[in-house]
$ cat query-v2.cif   # mmCIF, C-alpha atoms and all ligand atoms
data_query
#
loop_
_atom_site.label_atom_id
_atom_site.label_comp_id
_atom_site.auth_asym_id
_atom_site.auth_seq_id
_atom_site.Cartn_x
_atom_site.Cartn_y
_atom_site.Cartn_z
CA MET R 895 113.26 65.45 57.00
CA PHE R 896 111.50 62.15 57.50
CA ALA R 897 108.26 63.15 59.19
CA ASN R 898 107.21 59.53 59.56
CA ARG R 899 110.50 58.35 60.99
CA ILE R 900 110.85 57.57 64.67
CA LEU R 901 114.01 57.12 66.66
CA SER R 902 113.91 55.88 70.18
CA GLY R 903 116.48 54.36 72.47
CA MET R 904 116.92 52.63 75.76
CA ARG R 905 119.98 52.08 77.86
CA PRO R 906 120.86 48.40 78.20
CA THR R 907 119.66 47.60 81.70
CA GLY R 908 119.26 43.84 81.30
CA SER R 909 115.92 42.14 81.73
CA LEU R 910 113.03 44.57 81.54
CA HIS R 911 110.06 44.71 83.88
CA LEU R 912 106.38 45.29 83.28
CA GLY R 913 106.86 49.00 83.91
CA HIS R 914 109.11 49.18 80.85
CA TYR R 915 106.57 47.18 78.88
CA HIS R 916 103.55 49.35 79.76
CA GLY R 917 105.48 52.61 79.80
CA VAL R 918 107.55 52.31 76.63
CA ILE R 919 107.74 49.07 74.69
CA LYS R 920 104.01 48.52 74.19
CA ASN R 921 103.99 51.92 72.53
CA TRP R 922 106.91 50.98 70.26
CA VAL R 923 105.08 47.84 69.20
CA ALA R 924 102.08 49.94 68.15
CA LEU R 925 104.21 52.55 66.38
CA GLN R 926 106.11 50.05 64.23
CA ASN R 927 102.90 49.46 62.26
CA SER R 928 102.41 53.09 61.32
CA HIS R 929 105.93 54.56 61.32
CA ASP R 930 109.43 53.92 60.05
CA CYS R 931 110.88 52.98 63.42
CA TYR R 932 114.49 52.85 64.60
CA PHE R 933 114.86 51.28 68.02
CA MET R 934 118.29 51.65 69.50
CA VAL R 935 120.23 50.03 72.32
CA ALA R 936 121.94 53.09 73.82
CA ASP R 937 125.16 51.41 74.93
CA TRP R 938 127.31 54.55 74.74
CA HIS R 939 124.73 56.19 76.98
CA ALA R 940 125.17 53.42 79.54
CA LEU R 941 128.85 54.34 79.73
CA THR R 942 128.13 57.99 80.52
CA THR R 943 127.13 56.99 84.03
CA ASN R 944 128.41 53.41 84.36
CA TYR R 945 131.92 53.76 83.00
CA ASP R 946 133.21 52.11 86.16
CA ALA R 947 131.16 48.92 85.73
CA VAL R 948 131.32 47.84 82.12
CA GLY R 949 131.42 44.11 82.74
CA GLY R 950 127.69 43.57 82.50
CA ILE R 951 126.92 45.64 79.42
CA GLU R 952 127.02 42.93 76.80
CA ALA R 953 124.80 40.49 78.66
CA SER R 954 122.41 43.35 79.42
CA ILE R 955 122.14 44.15 75.73
CA TRP R 956 121.09 40.66 74.72
CA ASP R 957 118.68 40.27 77.63
CA MET R 958 117.06 43.57 76.81
CA VAL R 959 116.78 42.90 73.09
CA ILE R 960 115.17 39.53 73.80
CA ASP R 961 112.60 41.35 75.93
CA TRP R 962 111.94 43.78 73.08
CA LEU R 963 111.37 40.88 70.72
CA ALA R 964 109.31 39.06 73.34
CA SER R 965 107.07 42.14 73.57
CA GLY R 966 106.39 42.00 69.88
CA VAL R 967 108.98 44.38 68.45
CA ASP R 968 109.23 42.97 64.94
CA PRO R 969 112.57 43.24 63.13
CA ASP R 970 110.73 42.93 59.80
CA LYS R 971 108.93 46.18 60.59
CA ALA R 972 111.37 48.14 62.74
CA THR R 973 115.13 48.60 62.57
CA VAL R 974 116.62 47.32 65.80
CA PHE R 975 120.27 48.18 66.35
CA VAL R 976 123.10 48.95 68.77
CA GLN R 977 124.28 52.56 68.97
CA SER R 978 128.03 51.99 69.25
CA LYS R 979 128.00 49.62 66.27
CA VAL R 980 126.90 52.48 64.03
CA PRO R 981 129.95 54.73 64.21
CA GLN R 982 128.18 57.77 62.75
CA HIS R 983 126.55 58.43 66.15
CA ALA R 984 129.95 59.11 67.65
CA GLU R 985 131.06 61.01 64.56
CA LEU R 986 128.05 63.34 64.52
CA HIS R 987 128.37 63.82 68.28
CA LEU R 988 131.89 65.08 67.75
CA ALA R 989 130.88 67.30 64.83
CA LEU R 990 128.03 68.83 66.84
CA SER R 991 130.28 69.36 69.83
CA MET R 992 132.18 71.94 67.80
CA VAL R 993 129.17 74.25 67.75
CA THR R 994 127.48 73.45 71.06
CA PRO R 995 127.85 76.12 73.73
CA LEU R 996 128.77 74.60 77.09
CA SER R 997 126.04 76.63 78.75
CA TRP R 998 123.38 74.77 76.74
CA LEU R 999 124.56 71.49 78.21
CA GLU R 1000 125.01 72.80 81.72
CA ARG R 1001 121.44 74.05 81.87
CA VAL R 1002 119.82 70.71 80.89
CA PRO R 1003 117.74 69.96 84.01
CA THR R 1004 118.83 66.33 84.31
CA TYR R 1005 122.49 67.37 84.44
CA LYS R 1006 122.60 68.89 87.92
CA ASP R 1007 119.86 66.57 89.19
CA GLN R 1008 121.74 63.44 88.30
CA ILE R 1009 125.06 64.71 89.61
CA GLU R 1010 123.34 65.27 92.94
CA LYS R 1011 121.39 62.03 92.87
CA LEU R 1012 124.39 59.89 92.01
CA SER R 1013 126.64 61.76 94.40
CA GLY R 1014 128.63 58.62 95.17
CA LYS R 1015 130.02 58.69 91.65
CA ASP R 1016 132.22 61.18 89.86
CA LEU R 1017 130.03 62.50 87.07
CA GLY R 1018 132.20 65.53 86.47
CA THR R 1019 133.18 63.93 83.19
CA TYR R 1020 133.16 65.25 79.67
CA GLY R 1021 131.03 62.30 78.56
CA PHE R 1022 128.36 62.88 81.15
CA LEU R 1023 128.03 66.58 80.35
CA GLY R 1024 127.81 65.70 76.67
CA TYR R 1025 125.28 62.93 76.94
CA PRO R 1026 122.27 65.02 75.84
CA LEU R 1027 124.32 66.04 72.82
CA LEU R 1028 124.97 62.39 72.05
CA GLN R 1029 121.22 61.88 72.23
CA ALA R 1030 120.78 64.77 69.79
CA ALA R 1031 123.22 63.06 67.43
CA ASP R 1032 121.25 59.79 67.78
CA ILE R 1033 118.14 61.54 66.57
CA LEU R 1034 119.62 63.85 63.96
CA VAL R 1035 121.75 61.24 62.25
CA TYR R 1036 118.47 59.62 61.08
CA LYS R 1037 116.71 62.96 60.51
CA ALA R 1038 113.93 61.48 62.58
CA GLY R 1039 110.77 63.59 62.65
CA LEU R 1040 109.46 62.15 65.91
CA VAL R 1041 110.91 60.94 69.17
CA PRO R 1042 108.59 59.15 71.59
CA VAL R 1043 109.70 60.12 75.06
CA GLY R 1044 108.39 60.66 78.55
CA GLU R 1045 108.07 64.08 80.16
CA ASP R 1046 111.54 63.90 81.72
CA GLN R 1047 113.24 63.65 78.33
CA VAL R 1048 111.50 66.64 76.73
CA PRO R 1049 114.35 69.05 77.54
CA HIS R 1050 116.66 66.73 75.61
CA ILE R 1051 114.47 66.97 72.53
CA GLU R 1052 114.34 70.74 72.96
CA LEU R 1053 118.13 70.78 73.04
CA THR R 1054 118.20 68.61 69.93
CA ARG R 1055 116.06 71.19 68.14
CA GLU R 1056 118.28 74.04 69.25
CA ILE R 1057 121.40 72.23 68.11
CA ALA R 1058 119.84 71.45 64.73
CA ARG R 1059 118.84 75.09 64.32
CA ARG R 1060 122.26 76.30 65.23
CA PHE R 1061 123.87 73.84 62.88
CA ASN R 1062 121.59 74.93 60.05
CA ASN R 1063 122.17 78.58 60.73
CA LEU R 1064 125.88 78.07 60.72
CA PHE R 1065 126.00 75.65 57.82
CA GLY R 1066 122.59 75.78 56.15
CA ARG R 1067 119.15 77.28 56.26
CA GLU R 1068 115.47 76.31 56.73
CA PRO R 1069 112.92 76.52 53.81
CA ASN R 1070 110.75 79.47 54.88
CA PHE R 1071 113.80 81.08 56.36
CA GLU R 1072 113.48 84.50 54.81
CA GLU R 1073 109.95 84.93 56.14
CA LEU R 1074 110.85 83.79 59.65
CA ALA R 1075 113.90 85.98 59.70
CA ARG R 1076 111.70 88.99 58.83
CA VAL R 1077 109.40 88.17 61.74
CA ALA R 1078 112.38 87.84 64.06
CA LEU R 1079 113.77 91.10 62.76
CA LYS R 1080 110.63 92.95 63.92
CA LYS R 1081 111.23 91.65 67.42
CA LEU R 1082 114.41 93.69 67.58
CA GLY R 1083 112.15 96.73 67.82
CA LYS R 1084 114.02 100.00 67.43
CA ALA R 1085 117.25 98.20 66.63
CA SER R 1086 115.78 96.33 63.68
CA LYS R 1087 116.46 99.13 61.23
CA SER R 1088 120.14 99.44 62.08
CA PHE R 1089 120.47 95.65 62.16
CA GLU R 1090 119.18 95.54 58.62
CA GLN R 1091 121.47 98.34 57.48
CA LEU R 1092 124.49 96.68 59.05
CA ARG R 1093 123.53 93.42 57.36
CA THR R 1094 123.33 95.10 53.98
CA ALA R 1095 126.66 96.78 54.58
CA TYR R 1096 128.21 93.48 55.51
CA LEU R 1097 126.71 91.51 52.62
CA GLN R 1098 127.52 94.19 50.00
CA ASP R 1099 130.93 95.31 51.13
CA GLY R 1100 132.01 92.58 53.51
CA GLN R 1101 132.59 95.17 56.24
CA ALA R 1102 133.77 93.29 59.31
CA GLU R 1103 132.68 96.13 61.61
CA ALA R 1104 129.17 95.91 60.21
CA LEU R 1105 129.06 92.20 60.99
CA ALA R 1106 130.38 92.78 64.49
CA GLY R 1107 127.91 95.61 65.07
CA ALA R 1108 124.96 93.51 63.97
CA ARG R 1109 126.06 90.66 66.19
CA GLU R 1110 126.23 93.06 69.10
CA ILE R 1111 122.64 94.06 68.51
CA LEU R 1112 121.67 90.38 68.65
CA LEU R 1113 123.54 89.84 71.87
CA ALA R 1114 122.03 92.91 73.47
CA SER R 1115 118.43 92.24 72.52
CA GLN R 1116 116.21 91.07 75.36
CA ASN R 1117 113.29 90.15 73.19
CA LEU R 1118 114.62 87.22 71.15
CA GLY R 1119 114.24 83.52 71.90
CA VAL R 1120 116.97 81.07 71.02
CA ALA R 1121 115.36 80.18 67.69
CA ASP R 1122 114.99 83.75 66.50
CA ARG R 1123 118.47 84.66 67.61
CA GLU R 1124 119.88 81.75 65.62
CA ARG R 1125 117.77 82.70 62.63
CA LEU R 1126 118.91 86.26 62.58
CA ALA R 1127 122.49 85.15 63.10
CA GLY R 1128 122.14 82.96 59.98
CA TRP R 1129 120.25 85.57 57.99
CA LEU R 1130 122.90 88.14 58.77
CA GLU R 1131 125.39 86.11 56.79
CA ASN R 1132 123.00 84.85 54.11
CA LYS R 1133 123.56 81.18 54.57
CA GLY R 1134 122.27 78.10 52.63
CA LYS R 1135 119.90 75.17 53.35
CA THR R 1136 118.49 72.93 56.09
CA ILE R 1137 120.73 69.96 56.76
CA LEU R 1138 119.52 68.71 60.11
CA PRO R 1139 115.72 68.93 60.51
CA GLU R 1140 114.12 69.75 63.84
CA SER R 1141 112.54 66.68 65.41
CA GLU R 1142 109.55 66.77 67.67
CA ALA R 1143 108.89 65.04 70.94
CA MET R 1144 106.00 62.61 70.72
CA LEU R 1145 104.74 62.62 74.28
CA THR R 1146 103.76 59.13 75.26
CA GLU R 1147 100.97 59.33 77.80
CA ALA R 1148 102.77 58.71 81.05
CA ALA R 1149 101.51 55.19 81.73
CA LYS R 1150 102.89 55.02 85.24
CA MET R 1151 102.85 51.34 85.92
CA PRO R 1152 102.32 50.77 89.64
CA GLY R 1153 104.77 48.45 91.32
CA LEU R 1154 104.12 45.84 93.99
CA ASP R 1155 104.12 48.48 96.74
CA GLY R 1156 101.99 51.10 95.00
CA GLN R 1157 104.95 53.31 94.03
CA LYS R 1158 105.94 53.56 90.38
CA MET R 1159 107.45 50.25 89.25
CA SER R 1160 111.20 50.64 89.24
CA LYS R 1161 114.21 48.43 89.75
CA SER R 1162 115.62 50.81 92.33
CA TYR R 1163 112.52 50.41 94.51
CA GLY R 1164 112.70 46.60 94.36
CA ASN R 1165 108.99 46.47 93.49
CA THR R 1166 109.05 44.95 90.01
CA ILE R 1167 107.71 41.98 88.13
CA THR R 1168 110.06 41.25 85.26
CA MET R 1169 108.59 40.64 81.84
CA ARG R 1170 109.51 37.00 81.83
CA GLU R 1171 109.29 36.36 85.56
CA ASP R 1172 108.33 32.71 86.09
CA PRO R 1173 104.66 32.18 87.02
CA ALA R 1174 105.36 30.77 90.48
CA THR R 1175 107.32 33.90 91.42
CA VAL R 1176 104.66 36.18 89.95
CA THR R 1177 102.05 34.41 92.07
CA LYS R 1178 104.18 34.63 95.18
CA LYS R 1179 104.99 38.31 94.66
CA VAL R 1180 101.40 39.38 94.11
CA ARG R 1181 100.15 37.31 97.03
CA ALA R 1182 102.70 39.02 99.25
CA MET R 1183 101.63 42.53 98.20
CA PRO R 1184 100.61 44.89 100.97
CA THR R 1185 96.91 45.83 101.02
CA ASP R 1186 94.77 48.47 102.70
CA PRO R 1187 96.35 48.58 106.18
CA ALA R 1188 92.86 48.88 107.69
CA ARG R 1189 92.08 45.31 106.63
CA VAL R 1190 93.83 43.58 109.46
CA ARG R 1191 91.40 40.69 109.67
CA ARG R 1192 89.42 39.02 106.93
CA THR R 1193 86.24 40.46 108.46
CA ASP R 1194 87.50 44.08 108.37
CA PRO R 1195 86.14 46.06 105.43
CA GLY R 1196 88.68 47.87 103.24
CA ASP R 1197 88.99 50.73 100.80
CA PRO R 1198 90.50 49.91 97.39
CA ALA R 1199 91.64 53.53 97.07
CA LYS R 1200 94.15 52.80 99.83
CA CYS R 1201 95.40 49.56 98.31
CA PRO R 1202 98.20 48.97 95.77
CA VAL R 1203 96.41 45.86 94.49
CA TRP R 1204 93.57 48.07 93.30
CA GLN R 1205 96.02 50.01 91.12
CA LEU R 1206 96.97 46.78 89.39
CA HIS R 1207 93.28 46.05 88.80
CA GLN R 1208 93.26 49.29 86.76
CA VAL R 1209 95.82 47.72 84.46
CA TYR R 1210 94.65 44.12 84.36
CA SER R 1211 90.93 43.90 85.16
CA ASP R 1212 87.74 44.63 83.26
CA ASP R 1213 84.83 46.70 84.58
CA SER R 1214 82.93 43.80 86.07
CA THR R 1215 85.95 42.51 87.99
CA ARG R 1216 86.60 45.99 89.29
CA ALA R 1217 82.98 46.30 90.43
CA TRP R 1218 83.41 42.94 92.19
CA VAL R 1219 86.50 44.26 93.97
CA GLN R 1220 84.81 47.49 95.05
CA ALA R 1221 81.77 45.72 96.45
CA GLY R 1222 83.69 42.81 97.97
CA CYS R 1223 86.39 44.91 99.59
CA SER R 1224 84.16 47.51 101.19
CA SER R 1225 81.78 44.86 102.58
CA ALA R 1226 84.52 42.39 103.55
CA GLY R 1227 82.73 40.01 101.24
CA ILE R 1228 85.98 38.86 99.62
CA GLY R 1229 89.40 38.24 101.08
CA CYS R 1230 92.54 39.93 99.81
CA LEU R 1231 93.87 36.71 98.32
CA ASP R 1232 90.60 36.29 96.38
CA CYS R 1233 91.01 39.84 95.20
CA LYS R 1234 94.58 39.29 94.06
CA GLN R 1235 93.81 36.24 91.95
CA PRO R 1236 92.46 38.13 88.90
CA VAL R 1237 95.59 40.31 88.95
CA ILE R 1238 97.80 37.22 89.00
CA ASP R 1239 95.75 35.74 86.14
CA GLY R 1240 96.04 39.00 84.19
CA VAL R 1241 99.81 39.20 84.51
CA LEU R 1242 100.25 35.55 83.53
CA ARG R 1243 97.95 36.02 80.54
CA GLU R 1244 100.00 39.01 79.42
CA GLN R 1245 103.27 37.13 79.86
CA GLN R 1246 102.22 33.98 78.01
CA PRO R 1247 102.91 35.28 74.48
CA MET R 1248 106.13 36.91 75.70
CA PHE R 1249 107.47 33.54 76.82
CA GLU R 1250 106.47 32.04 73.49
CA ARG R 1251 108.11 34.76 71.42
CA ALA R 1252 111.29 34.68 73.52
CA GLU R 1253 111.69 30.93 73.25
CA PRO R 1254 113.53 30.66 69.91
CA TYR R 1255 115.91 33.48 70.87
CA LEU R 1256 116.78 31.83 74.16
CA THR R 1257 117.53 28.49 72.55
CA GLN R 1258 119.36 30.06 69.55
CA PRO R 1259 121.07 33.27 70.69
CA LYS R 1260 122.58 33.46 67.22
CA LEU R 1261 119.20 34.64 65.94
CA VAL R 1262 119.36 37.75 68.13
CA ARG R 1263 122.85 38.56 66.94
CA GLU R 1264 121.72 38.24 63.33
CA ILE R 1265 118.79 40.57 63.88
CA ILE R 1266 121.08 43.16 65.44
CA ALA R 1267 123.71 42.79 62.72
CA ALA R 1268 121.08 43.38 60.03
CA GLY R 1269 119.67 46.35 61.97
CA ASN R 1270 123.13 47.87 62.42
CA ALA R 1271 123.79 47.61 58.68
CA LYS R 1272 120.47 49.19 57.77
CA ALA R 1273 120.88 51.99 60.30
CA GLU R 1274 124.40 52.68 59.12
CA GLN R 1275 123.28 53.11 55.55
CA VAL R 1276 120.98 55.95 56.57
CA ALA R 1277 123.47 57.44 59.01
CA ARG R 1278 126.24 57.42 56.42
CA THR R 1279 124.20 59.54 54.01
CA THR R 1280 123.52 62.13 56.70
CA MET R 1281 127.18 62.26 57.65
CA GLN R 1282 128.16 62.88 54.05
CA GLU R 1283 125.91 65.95 54.00
CA VAL R 1284 127.12 67.07 57.40
CA ARG R 1285 130.76 66.73 56.42
CA ALA R 1286 130.19 68.57 53.17
CA ALA R 1287 128.36 71.38 54.98
CA MET R 1288 131.19 71.69 57.50
CA GLY R 1289 133.83 71.90 54.84
CA LEU R 1290 135.00 68.32 55.30
CA GLY R 1291 133.61 67.02 52.04
CA TYR R 1292 136.95 65.76 50.78
N1 LIG E 1301 118.55 59.12 77.02
C1 LIG E 1301 117.69 57.98 77.04
C2 LIG E 1301 117.75 57.36 78.41
O1 LIG E 1301 118.68 57.61 79.13
C3 LIG E 1301 118.06 56.94 76.03
C4 LIG E 1301 118.29 57.50 74.67
C5 LIG E 1301 119.49 57.63 74.08
C6 LIG E 1301 117.32 57.99 73.76
N2 LIG E 1301 119.36 58.17 72.85
C7 LIG E 1301 118.04 58.41 72.62
C8 LIG E 1301 115.93 58.14 73.80
C9 LIG E 1301 117.40 59.00 71.55
C10 LIG E 1301 115.28 58.73 72.71
C11 LIG E 1301 116.03 59.14 71.59
O2 LIG E 1301 116.85 56.64 78.76
FE1 LIG E 1302 93.11 45.58 98.46
FE2 LIG E 1302 91.52 43.86 97.29
FE3 LIG E 1302 92.22 43.51 99.85
FE4 LIG E 1302 90.56 45.46 99.16
S1 LIG E 1302 90.18 43.27 98.98
S2 LIG E 1302 92.34 45.66 100.52
S3 LIG E 1302 91.37 46.08 97.15
S4 LIG E 1302 93.55 43.45 98.06
#
$ encode --input "query-v2.cif" --output "structure tokens"
Amino acid sequence: MFANRILSGMRPTGSLHLGHYHGVIKNWVALQNSHDCYFMVADWHALTTNYDAVGGIEASIWDMVIDWLASGVDPDKATVFVQSKVPQHAELHLALSMVTPLSWLERVPTYKDQIEKLSGKDLGTYGFLGYPLLQAADILVYKAGLVPVGEDQVPHIELTREIARRFNNLFGREPNFEELARVALKKLGKASKSFEQLRTAYLQDGQAEALAGAREILLASQNLGVADRERLAGWLENKGKTILPESEAMLTEAAKMPGLDGQKMSKSYGNTITMREDPATVTKKVRAMPTDPARVRRTDPGDPAKCPVWQLHQVYSDDSTRAWVQAGCSSAGIGCLDCKQPVIDGVLREQQPMFERAEPYLTQPKLVREIIAAGNAKAEQVARTTMQEVRAAMGLGY
């Protein structure tokens, strides 16, 4: 296990907006200084829902990677790569699919949600059902210890842990396994004694009935969580070592970047400022933002709490500017356009270095392709080693 290793991914959605920057990428940029980071363009993932519109994927990849680089993702510190160019993701996905119960995938909360939400599209596909498993493969193929994700992705990390556990119990075993198995055994209560006897009978004499009987006890027990059930299932057959370590979700504090209308910034709401939006458009967009509806005239006092502009002051303004807004708004001492100016200045200030960093990649797209090619090669080296172990464990070591 690589406790210091981070894997994170993003679907290629084209140019990113400031919500992506504040919600995700800014965090990546900080993490690359302290962790061994793998940042992945999840192009296979894009196909799980957009298989009917593949024309834009390539352009979206390059636009998105340029925005990563513009944000300060540094290819000398982090490994930046494209998922489908590292074939071991697909290979591990297939290998894991052999041991993944369908019910585990069907109960992932995003599964039914998304099918309902995107009801105009047929998502009754094998690929869509399996997409959390593909995500598990993304993580496990690097044996990443940590995965920075938002709240909504936590169930996917939980699934990843369950899959890893199941894989290890089928094909390997964790280090303090014996101890944990003993604890789990106690949870069987009255049945624990007969479970242990059946195990001994099976391990000593290879009695198939003993194995079946012990498995029945596991199935029947009400008291076991998934982890303990998997442990006891492994312990029952006395299996080997940990191959795929259990990663942990690294909850990034949900920096919900407000959009131009006060809702969360999101492309689907049409309320975004893109990372490299030109300054004239930024100015126009902010100046057109709705304000406290009570401020009809310049002379009407307002309440920042009811104004989306105030939310952007939380992101872009210092204490003294915010005090100026509070006082000026509630006394009608300042106009809304005055109030918006520091926000405009703040966004432009933030974007300035992004434009500068993006510049060489825009004029020489070859540079981006080289960065990705190097990242793919580095990622593949790691992924290949894992796959060798996985294949060996699964009896495919030839
Ligand atoms: N599932 C994520 C999304 O749809 C993207 C993703 C793919 C990912 N593989 C990952 C995120 C692995 C973290 C780790 O946005
Ligand atoms: Fe909003 Fe500022 Fe106008 Fe008050 S002065 S309503 S906070 S834009």
$ residues_near_ligand --input "query-v2.cif" --ligand "ligand LIG 1302 (chain E)" --cutoff "6 Å" --atoms "all atoms listed in the file" --output "list of chain:residue names"
R:Thr1185, R:Asp1186, R:Gly1196, R:Asp1197, R:Pro1198, R:Cys1201, R:Val1203, R:Trp1204, R:Cys1223, R:Gly1229, R:Cys1230, R:Cys1233, R:Lys1234
$ write_last_selection --input "query-v2.cif" --atoms "C-alpha atoms" --output "CSV table (one decimal), in the coordinates of the input"
chain,number,residue,atom,x,y,z
R,1185,THR,CA,96.9,45.8,101.0
R,1186,ASP,CA,94.8,48.5,102.7
R,1196,GLY,CA,88.7,47.9,103.2
R,1197,ASP,CA,89.0,50.7,100.8
R,1198,PRO,CA,90.5,49.9,97.4
R,1201,CYS,CA,95.4,49.6,98.3
R,1203,VAL,CA,96.4,45.9,94.5
R,1204,TRP,CA,93.6,48.1,93.3
R,1223,CYS,CA,86.4,44.9,99.6
R,1229,GLY,CA,89.4,38.2,101.1
R,1230,CYS,CA,92.5,39.9,99.8
R,1233,CYS,CA,91.0,39.8,95.2
R,1234,LYS,CA,94.6,39.3,94.1
$ residues_around --input "query-v2.cif" --residues "Tyr1036 (chain R)" --least-positions-apart "3" --cutoff "7 Å" --atoms "only C-alpha atoms" --output "PyMOL selection string"
chain R and resi 1033+1276-1277
$ residues_near_ligand --input "query-v2.cif" --ligand "ligand LIG 1301 (chain E)" --cutoff "6 Å" --atoms "all atoms listed in the file" --output "PDB file with C-alpha atoms, in the frame of the given file"
ATOM      1  CA  LEU R 901     114.010  57.120  66.660  1.00  0.00           C
ATOM      2  CA  SER R 902     113.910  55.880  70.180  1.00  0.00           C
ATOM      3  CA  GLY R 903     116.480  54.360  72.470  1.00  0.00           C
ATOM      4  CA  MET R 904     116.920  52.630  75.760  1.00  0.00           C
ATOM      5  CA  ARG R 905     119.980  52.080  77.860  1.00  0.00           C
ATOM      6  CA  ALA R 936     121.940  53.090  73.820  1.00  0.00           C
ATOM      7  CA  GLN R1029     121.220  61.880  72.230  1.00  0.00           C
ATOM      8  CA  ASP R1032     121.250  59.790  67.780  1.00  0.00           C
ATOM      9  CA  ILE R1033     118.140  61.540  66.570  1.00  0.00           C
ATOM     10  CA  VAL R1041     110.910  60.940  69.170  1.00  0.00           C
TER      11      VAL R1041
END
$ closest_residue --input "query-v2.cif" --among "R:Asn1132, R:Gln1235, R:Ser928, R:Ser1013" --to "Ala972 (chain R)" --atoms "only C-alpha atoms"
R:Ser928
$ atom_distance --input "query-v2.cif" --atom1 "CA of Ser965 (chain R)" --atom2 "CA of Val1043 (chain R)"
18.2 Å
$ residues_around --input "query-v2.cif" --residues "Glu1052 (chain R)" --least-positions-apart "5" --cutoff "9 Å" --atoms "all atoms listed in the file" --output "PyMOL selection string"
chain R and resi 1047+1057+1141-1143
$ closest_residue --input "query-v2.cif" --among "R:Leu1126, R:Ala1085, R:Leu910, R:Ile951" --to "Ile1111 (chain R)" --atoms "all atoms listed in the file"
R:Ala1085
$ closest_atom_pairs --input "query-v2.cif" --of "region 928-1027 of chain R" --to "region 1238-1260 of chain R" --cutoff "7 Å" --atoms "all atoms listed in the file" --output "CSV"
residue,atom,partner,partner_atom,distance
R:Ile960,CA,R:Ala1252,CA,6.2
R:Leu963,CA,R:Ala1252,CA,6.8
R:Ala964,CA,R:Met1248,CA,4.5
R:Ser965,CA,R:Met1248,CA,5.7
$ write_last_selection --input "query-v2.cif" --atoms "C-alpha atoms" --output "PDB file, keeping the file's coordinate frame"
ATOM      1  CA  ILE R 960     115.170  39.530  73.800  1.00  0.00           C
ATOM      2  CA  LEU R 963     111.370  40.880  70.720  1.00  0.00           C
ATOM      3  CA  ALA R 964     109.310  39.060  73.340  1.00  0.00           C
ATOM      4  CA  SER R 965     107.070  42.140  73.570  1.00  0.00           C
TER       5      SER R 965
END
$ atom_distance --input "query-v2.cif" --atom1 "CA of Asp968 (chain R)" --atom2 "CA of Trp956 (chain R)"
15.5 Å
$ closest_residue --input "query-v2.cif" --among "R:Arg1060, R:Leu1138, R:Arg1191, R:Leu1105" --to "Asp1122 (chain R)" --atoms "all atoms listed in the file"
R:Arg1060
$ closest_residue --input "query-v2.cif" --among "R:Val1002, R:Val1035, R:Met958, R:Leu1053" --to "Glu1274 (chain R)" --atoms "all atoms listed in the file"
R:Val1035
